[in-house]
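Student: upload.cif is reproduced below (mmCIF, C-alpha atoms).
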data_run
#
loop_
_atom_site.label_atom_id
_atom_site.label_comp_id
_atom_site.auth_asym_id
_atom_site.auth_seq_id
_atom_site.Cartn_x
_atom_site.Cartn_y
_atom_site.Cartn_z
CA MET H 1 -18.63 -27.12 -16.09
CA LEU H 2 -21.87 -27.41 -14.09
CA LYS H 3 -20.76 -30.34 -11.96
CA GLU H 4 -17.24 -29.00 -11.57
CA LEU H 5 -18.53 -25.88 -9.86
CA HIS H 6 -19.52 -27.87 -6.81
CA GLN H 7 -16.16 -29.64 -6.84
CA PHE H 8 -14.33 -26.31 -7.10
CA LYS H 9 -16.33 -24.97 -4.18
CA GLN H 10 -15.63 -28.07 -2.09
CA GLN H 11 -11.91 -27.87 -2.87
CA TYR H 12 -11.79 -24.24 -1.81
CA ASP H 13 -13.82 -24.98 1.31
CA GLU H 14 -11.37 -27.72 2.26
CA CYS H 15 -8.58 -25.12 2.07
CA GLY H 16 -10.56 -22.87 4.40
CA ALA H 17 -11.11 -20.26 1.69
CA ILE H 18 -12.94 -17.13 2.76
CA LEU H 19 -12.96 -15.89 -0.79
CA CYS H 20 -11.41 -16.72 -4.10
CA PHE H 21 -11.31 -15.10 -7.48
CA SER H 22 -9.88 -16.08 -10.84
CA GLY H 23 -9.79 -13.79 -13.84
CA TYR H 24 -9.12 -10.15 -14.58
CA LEU H 25 -8.70 -7.98 -11.51
CA SER H 26 -8.91 -4.19 -11.46
CA GLN H 27 -8.39 -1.59 -8.77
CA GLU H 28 -12.13 -1.05 -8.52
CA LEU H 29 -12.80 -4.74 -8.11
CA MET H 30 -10.06 -4.98 -5.50
CA VAL H 31 -11.64 -2.17 -3.49
CA GLY H 32 -14.99 -3.98 -3.57
CA ILE H 33 -13.59 -7.39 -2.66
CA GLY H 34 -11.43 -5.75 0.00
CA GLU H 35 -14.41 -4.12 1.69
CA THR H 36 -16.26 -7.42 1.81
CA LEU H 37 -13.16 -9.14 3.18
CA ARG H 38 -12.83 -6.54 5.93
CA ASP H 39 -16.50 -6.88 6.86
CA LYS H 40 -16.14 -10.64 7.10
CA LEU H 41 -12.91 -10.49 9.12
CA LYS H 42 -14.33 -7.89 11.51
CA GLN H 43 -16.79 -10.52 12.74
CA GLU H 44 -13.95 -12.55 14.24
CA GLU H 45 -10.84 -10.42 14.55
CA ASP H 46 -9.70 -7.14 16.12
CA ILE H 47 -8.82 -4.07 14.05
CA ASN H 48 -5.09 -4.89 13.96
CA MET H 49 -5.57 -8.34 12.49
CA VAL H 50 -8.19 -7.07 10.03
CA LEU H 51 -5.86 -4.32 8.79
CA LYS H 52 -2.88 -6.68 8.64
CA ILE H 53 -4.71 -9.17 6.41
CA PHE H 54 -6.21 -6.34 4.37
CA SER H 55 -2.82 -4.72 3.76
CA ILE H 56 -1.35 -8.05 2.63
CA PHE H 57 -4.33 -8.52 0.35
CA VAL H 58 -3.91 -5.05 -1.21
CA GLU H 59 -0.17 -5.44 -1.89
CA GLN H 60 -0.66 -8.84 -3.48
CA VAL H 61 -3.64 -7.88 -5.62
CA GLN H 62 -1.99 -4.64 -6.77
CA ASN H 63 0.99 -6.77 -7.81
CA ILE H 64 -1.28 -8.87 -10.02
CA ILE H 65 -2.89 -5.79 -11.56
CA ARG H 66 0.45 -4.07 -12.18
CA TYR H 67 2.70 -6.94 -13.10
CA SER H 68 0.65 -9.80 -14.55
CA ALA H 69 1.97 -10.58 -18.03
CA ASP H 70 -1.66 -11.10 -19.04
CA GLN H 71 -2.77 -7.49 -18.77
CA ILE H 72 -5.27 -5.33 -20.60
CA ILE H 73 -5.04 -1.55 -20.50
CA ILE H 74 -8.27 0.24 -21.35
CA THR H 75 -8.01 3.93 -22.10
CA ASN H 76 -11.38 5.64 -22.24
CA ASP H 77 -12.13 8.62 -20.01
CA LYS H 78 -9.62 7.28 -17.54
CA GLU H 79 -7.08 4.53 -17.72
CA ASN H 80 -8.21 1.19 -16.37
CA ILE H 81 -5.72 -1.64 -15.94
CA LEU H 82 -6.93 -5.22 -15.83
CA GLY H 83 -4.48 -7.87 -14.70
CA SER H 84 -5.31 -11.54 -14.91
CA GLY H 85 -4.58 -13.81 -11.99
CA ILE H 86 -5.93 -15.93 -9.19
CA LEU H 87 -6.50 -14.94 -5.57
CA VAL H 88 -7.44 -16.97 -2.51
CA VAL H 89 -7.79 -15.62 1.02
CA GLY H 90 -8.49 -18.14 3.74
CA LYS H 91 -7.78 -19.60 7.13
CA ASN H 92 -6.24 -23.03 7.56
CA GLN H 93 -5.22 -24.70 10.82
CA GLY H 94 -5.64 -21.43 12.66
CA HIS H 95 -3.54 -19.35 10.28
CA TYR H 96 -4.70 -16.82 7.73
CA TYR H 97 -3.20 -16.94 4.28
CA VAL H 98 -3.34 -14.93 1.07
CA SER H 99 -2.37 -16.80 -2.09
CA CYS H 100 -1.97 -15.14 -5.45
CA GLY H 101 -0.85 -16.27 -8.86
CA ASN H 102 -0.29 -14.71 -12.23
CA ILE H 103 1.65 -15.16 -15.42
CA VAL H 104 5.10 -13.59 -15.68
CA GLY H 105 7.62 -13.38 -18.51
CA ASN H 106 10.51 -15.82 -18.09
CA ASP H 107 12.92 -12.90 -18.35
CA LYS H 108 11.58 -11.59 -15.00
CA ILE H 109 12.12 -14.81 -13.05
CA SER H 110 15.76 -14.60 -12.02
CA HIS H 111 15.51 -11.05 -10.66
CA LEU H 112 12.24 -11.71 -8.84
CA SER H 113 13.47 -14.98 -7.41
CA GLU H 114 16.70 -13.41 -6.21
CA GLN H 115 14.83 -10.52 -4.61
CA LEU H 116 12.35 -12.76 -2.80
CA THR H 117 15.02 -15.17 -1.55
CA LYS H 118 16.95 -12.20 -0.18
CA LEU H 119 13.85 -11.00 1.69
CA GLN H 120 13.22 -14.46 3.13
CA GLN H 121 16.67 -14.48 4.68
CA MET H 122 16.40 -11.07 6.35
CA ASN H 123 15.44 -10.66 9.98
CA LYS H 124 13.01 -8.09 11.34
CA ASP H 125 15.55 -5.28 11.78
CA GLU H 126 17.20 -5.90 8.42
CA LEU H 127 13.82 -5.75 6.72
CA LYS H 128 13.01 -2.49 8.46
CA GLN H 129 16.35 -0.97 7.38
CA TYR H 130 15.95 -2.23 3.83
CA TYR H 131 12.41 -0.88 3.63
CA LYS H 132 13.58 2.55 4.77
CA GLU H 133 16.49 2.58 2.31
CA GLN H 134 14.29 1.61 -0.61
CA ARG H 135 11.65 4.14 0.38
CA LYS H 136 14.22 6.93 0.15
CA LYS H 137 15.19 6.04 -3.39
CA GLU H 138 13.74 7.85 -6.39
CA VAL H 139 10.95 5.91 -8.07
CA PRO H 140 11.86 5.15 -11.71
CA GLN H 141 9.80 7.41 -13.95
CA HIS H 142 7.56 4.76 -15.51
CA SER H 143 7.31 2.55 -12.47
CA LYS H 144 3.77 1.74 -11.37
CA GLY H 145 4.59 1.46 -7.69
CA ALA H 146 7.39 2.25 -5.30
CA GLY H 147 8.89 -1.25 -5.41
CA LEU H 148 8.16 -1.66 -1.72
CA GLY H 149 5.33 -4.17 -1.96
CA PHE H 150 7.28 -7.37 -1.39
CA ILE H 151 9.32 -5.82 1.44
CA GLU H 152 6.09 -4.73 3.11
CA LEU H 153 4.73 -8.26 2.68
CA ALA H 154 7.88 -9.77 4.19
CA ARG H 155 7.65 -7.39 7.15
CA LYS H 156 3.96 -7.99 7.78
CA THR H 157 4.38 -11.78 7.72
CA ASN H 158 7.80 -11.98 9.46
CA SER H 159 9.15 -13.42 6.20
CA CYS H 160 6.57 -16.19 6.28
CA PHE H 161 5.93 -16.47 2.57
CA ASP H 162 6.57 -18.95 -0.19
CA PHE H 163 6.79 -18.66 -3.94
CA SER H 164 7.28 -20.77 -7.03
CA PHE H 165 7.52 -20.51 -10.80
CA GLU H 166 6.02 -23.13 -13.09
CA LYS H 167 7.19 -22.97 -16.65
CA ILE H 168 4.37 -22.74 -19.19
CA ASN H 169 6.49 -22.39 -22.33
CA GLY H 170 9.67 -20.70 -23.56
CA GLN H 171 8.26 -17.22 -22.90
CA ILE H 172 6.08 -17.38 -19.80
CA SER H 173 5.70 -19.04 -16.42
CA PHE H 174 3.09 -19.11 -13.66
CA PHE H 175 4.20 -17.25 -10.55
CA SER H 176 2.61 -18.36 -7.26
CA PHE H 177 3.03 -16.41 -4.07
CA LYS H 178 1.59 -17.32 -0.68
CA THR H 179 1.79 -15.35 2.54
CA LEU H 180 0.98 -16.90 5.90
CA LEU H 181 0.03 -15.17 9.11
CA MET U 1 -3.83 31.42 -1.16
CA THR U 2 -5.56 29.03 -3.55
CA HIS U 3 -7.62 26.56 -1.64
CA LEU U 4 -7.21 22.83 -1.68
CA ASN U 5 -10.14 20.52 -1.14
CA ILE U 6 -10.10 16.93 -2.34
CA THR U 7 -13.02 14.71 -1.41
CA ALA U 8 -12.28 11.32 0.12
CA THR U 9 -13.05 8.07 -1.66
CA SER U 10 -12.85 4.55 -0.23
CA GLN U 11 -9.26 4.33 -1.53
CA SER U 12 -7.98 7.89 -1.15
CA PRO U 13 -8.10 10.36 1.73
CA ALA U 14 -9.81 13.72 2.08
CA VAL U 15 -7.32 16.56 1.67
CA TYR U 16 -8.44 19.91 2.98
CA PHE U 17 -6.63 23.15 3.64
CA ASP U 18 -7.97 25.38 6.38
CA GLU U 19 -6.76 28.83 5.46
CA THR U 20 -7.50 30.55 8.78
CA LEU U 21 -5.68 27.89 10.82
CA ARG U 22 -3.01 27.42 8.12
CA THR U 23 -3.57 23.71 8.50
CA LEU U 24 -3.58 21.01 5.87
CA ASN U 25 -5.64 17.98 6.89
CA ILE U 26 -5.24 14.57 5.29
CA THR U 27 -7.74 12.03 6.60
CA GLY U 28 -8.87 8.57 5.54
CA GLU U 29 -7.33 5.63 3.73
CA CYS U 30 -4.79 5.68 0.93
CA TYR U 31 -4.23 2.91 -1.61
CA PRO U 32 -5.13 4.34 -5.02
CA GLU U 33 -4.17 2.65 -8.27
CA ASN U 34 -1.85 5.46 -9.25
CA ILE U 35 -0.40 7.32 -6.30
CA THR U 36 1.43 9.90 -8.44
CA LYS U 37 -1.80 10.90 -10.13
CA PHE U 38 -3.43 11.35 -6.74
CA SER U 39 -0.58 13.21 -5.08
CA SER U 40 0.68 15.54 -7.80
CA PRO U 41 -2.01 18.23 -7.23
CA ILE U 42 -1.12 18.16 -3.53
CA PHE U 43 2.59 18.63 -4.19
CA GLN U 44 1.85 21.37 -6.69
CA TRP U 45 -0.33 23.19 -4.21
CA LEU U 46 2.28 22.76 -1.48
CA ASP U 47 5.07 24.20 -3.63
CA GLU U 48 2.99 27.28 -4.27
CA TYR U 49 1.88 27.63 -0.69
CA LEU U 50 5.35 27.27 0.77
CA THR U 51 6.60 30.06 -1.46
CA SER U 52 4.05 32.41 0.07
CA LEU U 53 4.56 31.19 3.63
CA GLN U 54 6.55 33.61 5.77
CA LYS U 55 7.04 33.32 9.52
CA GLN U 56 3.61 31.95 10.30
CA THR U 57 3.30 28.35 11.39
CA PHE U 58 2.01 25.82 8.90
CA THR U 59 0.57 22.58 10.30
CA LEU U 60 -0.02 19.27 8.58
CA ASN U 61 -2.50 17.04 10.38
CA ILE U 62 -2.38 13.56 9.02
CA GLU U 63 -4.71 10.79 10.12
CA LEU U 64 -4.62 7.63 8.02
CA VAL U 65 -6.23 4.38 9.08
CA TYR U 66 -4.49 2.45 6.32
CA PHE U 67 -2.14 3.20 3.42
CA ASN U 68 -0.29 0.92 1.02
CA SER U 69 3.44 0.77 0.32
CA SER U 70 3.36 3.18 -2.65
CA SER U 71 1.53 5.72 -0.49
CA SER U 72 4.15 5.31 2.20
CA LYS U 73 6.75 6.45 -0.32
CA MET U 74 4.57 9.43 -1.23
CA LEU U 75 4.21 10.37 2.46
CA LEU U 76 7.96 10.29 2.99
CA ASP U 77 8.40 12.54 -0.06
CA LEU U 78 5.84 14.91 1.42
CA PHE U 79 7.59 15.04 4.82
CA ASP U 80 10.98 15.42 3.11
CA ARG U 81 9.64 18.38 1.16
CA LEU U 82 8.54 20.02 4.42
CA GLN U 83 11.79 19.19 6.18
CA GLU U 84 13.77 20.82 3.36
CA GLU U 85 11.80 23.99 3.90
CA VAL U 86 12.65 23.91 7.61
CA ILE U 87 16.35 23.28 7.02
CA ASN U 88 16.92 25.63 4.10
CA LYS U 89 14.45 28.42 4.80
CA GLN U 90 13.84 28.17 8.55
CA LYS U 91 10.11 27.85 8.05
CA ASN U 92 7.85 27.02 10.99
CA ILE U 93 6.25 23.73 10.15
CA ILE U 94 4.59 21.16 12.39
CA VAL U 95 3.44 17.69 11.42
CA ASN U 96 0.88 15.97 13.63
CA TRP U 97 0.62 12.26 12.99
CA ILE U 98 -2.73 11.34 14.50
CA TYR U 99 -3.46 7.69 15.26
CA ASP U 100 -6.17 5.66 16.90
CA VAL U 101 -4.80 3.97 20.01
CA GLU U 102 -6.34 0.68 18.85
CA ASN U 103 -4.52 0.82 15.51
CA GLU U 104 -0.99 -0.44 16.21
CA SER U 105 0.29 -0.21 12.64
CA ALA U 106 -0.76 3.45 12.33
CA PHE U 107 1.34 4.23 15.42
CA GLU U 108 4.33 2.15 14.23
CA HIS U 109 4.30 3.81 10.81
CA GLY U 110 4.29 7.21 12.49
CA GLU U 111 7.22 6.21 14.68
CA GLU U 112 9.23 5.05 11.67
CA PHE U 113 8.67 8.31 9.82
CA LYS U 114 9.66 10.26 12.91
CA GLU U 115 12.94 8.33 13.21
CA ASP U 116 13.99 9.51 9.77
CA LEU U 117 12.85 13.14 10.06
CA THR U 118 15.20 14.58 12.63
CA HIS U 119 14.83 18.20 11.54
CA LEU U 120 11.06 18.27 11.38
CA ILE U 121 8.69 18.70 14.32
CA PHE U 122 6.81 15.46 14.03
CA ASN U 123 4.29 14.80 16.80
CA LEU U 124 2.67 11.44 17.38
CA LEU U 125 -0.76 12.26 18.73
CA LYS U 126 -3.34 9.86 20.10
CA LYS U 127 -6.73 10.51 18.62
CA SER U 128 -8.99 11.85 21.35
#
Represent the structure contained in this file as structure tokens.
Tutor:
Amino acid sequence: MLKELHQFKQQYDECGAILCFSGYLSQELMVGIGETLRDKLKQEEDINMVLKIFSIFVEQVQNIIRYSADQIIITNDKENILGSGILVVGKNQGHYYVSCGNIVGNDKISHLSEQLTKLQQMNKDELKQYYKEQRKKEVPQHSKGAGLGFIELARKTNSCFDFSFEKINGQISFFSFKTLL
Amino acid sequence: MTHLNITATSQSPAVYFDETLRTLNITGECYPENITKFSSPIFQWLDEYLTSLQKQTFTLNIELVYFNSSSSKMLLDLFDRLQEEVINKQKNIIVNWIYDVENESAFEHGEEFKEDLTHLIFNLLKKS
């Protein structure tokens, strides 16, 4: 593992990674990483670009925390949710990207895939309309979010995102999602 | 009226009610882990306050640098609640959406809310 660390670092550097993380993510950790990311981006970009990348980062990381199939819920004084996944934020050939991956149950794939393909095919106005319609709907009682995250991501990136599912076994797959700015 | 004073954190805004000005101020950033947990005391307070509100004008000043998609849903629910009060009970309510001129997405978000809230006075105000 000692030698590999340097190789890992070199691989990430070649992809223009600004930061990467693999393991259990929590809201608190996301806030910390997010602040560092903003500080770093502020050196080179204006407020609009910084907030755009930050908002994409938040939606993607909150998806990992909420929806990773490898999740631990700790209930002490307050509930703390840990979701396992991988996150890379970087800049390659002049474009920023946020890549995230986590494990999902195979039963979730068809719905998710359908939803994301639909978003990829929508234009700017259709996305805006769809976002507004979904925002008006009641949130299901036990839902952890408003179900708007992917629509927001599609809007922020002008539908410039890609995704894939790699089957691990009969129950689970690895879901990869990459947004490009 | 019971007061409302929630301190800001890095992921949730300050919420403060100024009783003399009858103004509720929401300022900061909003992307908490659980938006319902954050917002339910605000909605509870608002329900109570609106019951006591007569002909006086109630103002909501809202100034958010950034908020996530779940918070956007919460904000629409909040504005809808106020709009209902205007439509059904003819209450005098003003929402001021305050944005920094440099922050394009804050302005755009405000515009999109305004488009859907035709019965609510919803001002887009540049931060001075």
Student: Nearest to chain U: which of H:Cys15, H:Ile65, H:Leu5, H:Ile86 is it, counting only C-alpha atoms?
Tutor: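 Checking each of H:Cys15, H:Ile65, H:Leu5, H:Ile86 against chain U, counting only C-alpha atoms, the winner is H:Ile65.
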Student: Tell me which protein, DNA and RNA residues are within 6 Å of Ser99 in chain H, counting all atoms listed in the file, leaving out same-chain ones fewer than 6 positions away, and put them as a list of chain:residue names.
Tutor: H:Leu87, H:Val88, H:Phe177, H:Lys178
Student: Which residue gives the smallest distance to chain U among H:Ile56, H:Leu181, H:Leu148, H:Cys160, with all atoms listed in the file counted?
Tutor: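 The shortest atom-to-atom distance to chain U comes from H:Leu148.
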Student: Pick out the residues sitting within 12 Å of range 11-13 of chain U, and hand them over as an MDAnalysis selection string; count all atoms listed in the file, and ignore anything fewer than 5 positions along from it in its own chain.
Tutor: (chainID H and resid 27:32 34:35 58) or (chainID U and resid 5:6 25:35 37:39 42 62:68 71)
Student: Residues of chain U no more than 7 Å from chain H, counting all atoms listed in the file: send them over as a list in words.
Tutor: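 Listed by rising number, the hits are Glu33, Asn68, Ser69, Ser70, Lys73, Asn103 and Glu104 of chain U.
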Student: Working from the structure I just supplied, which lacks atoms in range 75-101 of chain H, can you model N, CA and C atoms there and output them as a CSV table (one decimal), keeping the file's coordinate frame?
Tutor:
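Written file, part_5.csv:
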chain,number,residue,atom,x,y,z
H,75,THR,N,-8.1,2.5,-22.2
H,75,THR,CA,-8.0,3.9,-22.1
H,75,THR,C,-9.3,4.6,-22.7
H,76,ASN,N,-10.2,4.9,-21.8
H,76,ASN,CA,-11.4,5.6,-22.2
H,76,ASN,C,-11.3,7.0,-21.6
H,77,ASP,N,-12.2,7.3,-20.7
H,77,ASP,CA,-12.1,8.6,-20.0
H,77,ASP,C,-10.9,8.6,-19.1
H,78,LYS,N,-10.8,7.5,-18.4
H,78,LYS,CA,-9.6,7.3,-17.5
H,78,LYS,C,-9.0,5.9,-17.8
H,79,GLU,N,-7.8,5.8,-17.5
H,79,GLU,CA,-7.1,4.5,-17.7
H,79,GLU,C,-7.6,3.5,-16.7
H,80,ASN,N,-7.8,2.3,-17.2
H,80,ASN,CA,-8.2,1.2,-16.4
H,80,ASN,C,-7.3,0.0,-16.7
H,81,ILE,N,-6.6,-0.5,-15.7
H,81,ILE,CA,-5.7,-1.6,-15.9
H,81,ILE,C,-6.3,-2.9,-15.4
H,82,LEU,N,-6.4,-3.9,-16.3
H,82,LEU,CA,-6.9,-5.2,-15.8
H,82,LEU,C,-5.8,-6.2,-15.9
H,83,GLY,N,-5.5,-6.9,-14.7
H,83,GLY,CA,-4.5,-7.9,-14.7
H,83,GLY,C,-5.1,-9.2,-14.4
H,84,SER,N,-4.7,-10.2,-15.1
H,84,SER,CA,-5.3,-11.5,-14.9
H,84,SER,C,-4.5,-12.3,-13.9
H,85,GLY,N,-5.2,-13.0,-13.0
H,85,GLY,CA,-4.6,-13.8,-12.0
H,85,GLY,C,-5.6,-14.6,-11.2
H,86,ILE,N,-5.1,-15.2,-10.1
H,86,ILE,CA,-5.9,-15.9,-9.2
H,86,ILE,C,-5.6,-15.5,-7.8
H,87,LEU,N,-6.6,-15.4,-6.9
H,87,LEU,CA,-6.5,-14.9,-5.6
H,87,LEU,C,-7.3,-15.8,-4.6
H,88,VAL,N,-6.7,-16.2,-3.5
H,88,VAL,CA,-7.4,-17.0,-2.5
H,88,VAL,C,-7.0,-16.4,-1.1
H,89,VAL,N,-8.0,-16.0,-0.4
H,89,VAL,CA,-7.8,-15.6,1.0
H,89,VAL,C,-8.5,-16.6,1.9
H,90,GLY,N,-7.8,-17.2,2.9
H,90,GLY,CA,-8.5,-18.1,3.7
H,90,GLY,C,-7.8,-18.3,5.1
H,91,LYS,N,-8.3,-19.3,5.8
H,91,LYS,CA,-7.8,-19.6,7.1
H,91,LYS,C,-7.7,-21.1,7.2
H,92,ASN,N,-6.5,-21.6,7.5
H,92,ASN,CA,-6.2,-23.0,7.6
H,92,ASN,C,-5.4,-23.3,8.8
H,93,GLN,N,-5.9,-24.3,9.6
H,93,GLN,CA,-5.2,-24.7,10.8
H,93,GLN,C,-4.9,-23.5,11.7
H,94,GLY,N,-5.8,-22.6,11.8
H,94,GLY,CA,-5.6,-21.4,12.7
H,94,GLY,C,-4.8,-20.3,12.1
H,95,HIS,N,-4.3,-20.4,10.9
H,95,HIS,CA,-3.5,-19.4,10.3
H,95,HIS,C,-4.2,-18.8,9.0
H,96,TYR,N,-4.2,-17.5,9.0
H,96,TYR,CA,-4.7,-16.8,7.7
H,96,TYR,C,-3.7,-16.9,6.6
H,97,TYR,N,-4.1,-17.0,5.4
H,97,TYR,CA,-3.2,-16.9,4.3
H,97,TYR,C,-3.8,-16.1,3.1
H,98,VAL,N,-2.9,-15.6,2.3
H,98,VAL,CA,-3.3,-14.9,1.1
H,98,VAL,C,-2.5,-15.5,0.0
H,99,SER,N,-3.1,-16.2,-1.0
H,99,SER,CA,-2.4,-16.8,-2.1
H,99,SER,C,-2.7,-16.1,-3.4
H,100,CYS,N,-1.7,-15.8,-4.2
H,100,CYS,CA,-2.0,-15.1,-5.4
H,100,CYS,C,-1.1,-15.8,-6.5
H,101,GLY,N,-1.6,-15.8,-7.7
H,101,GLY,CA,-0.8,-16.3,-8.9
H,101,GLY,C,-1.1,-15.5,-10.1
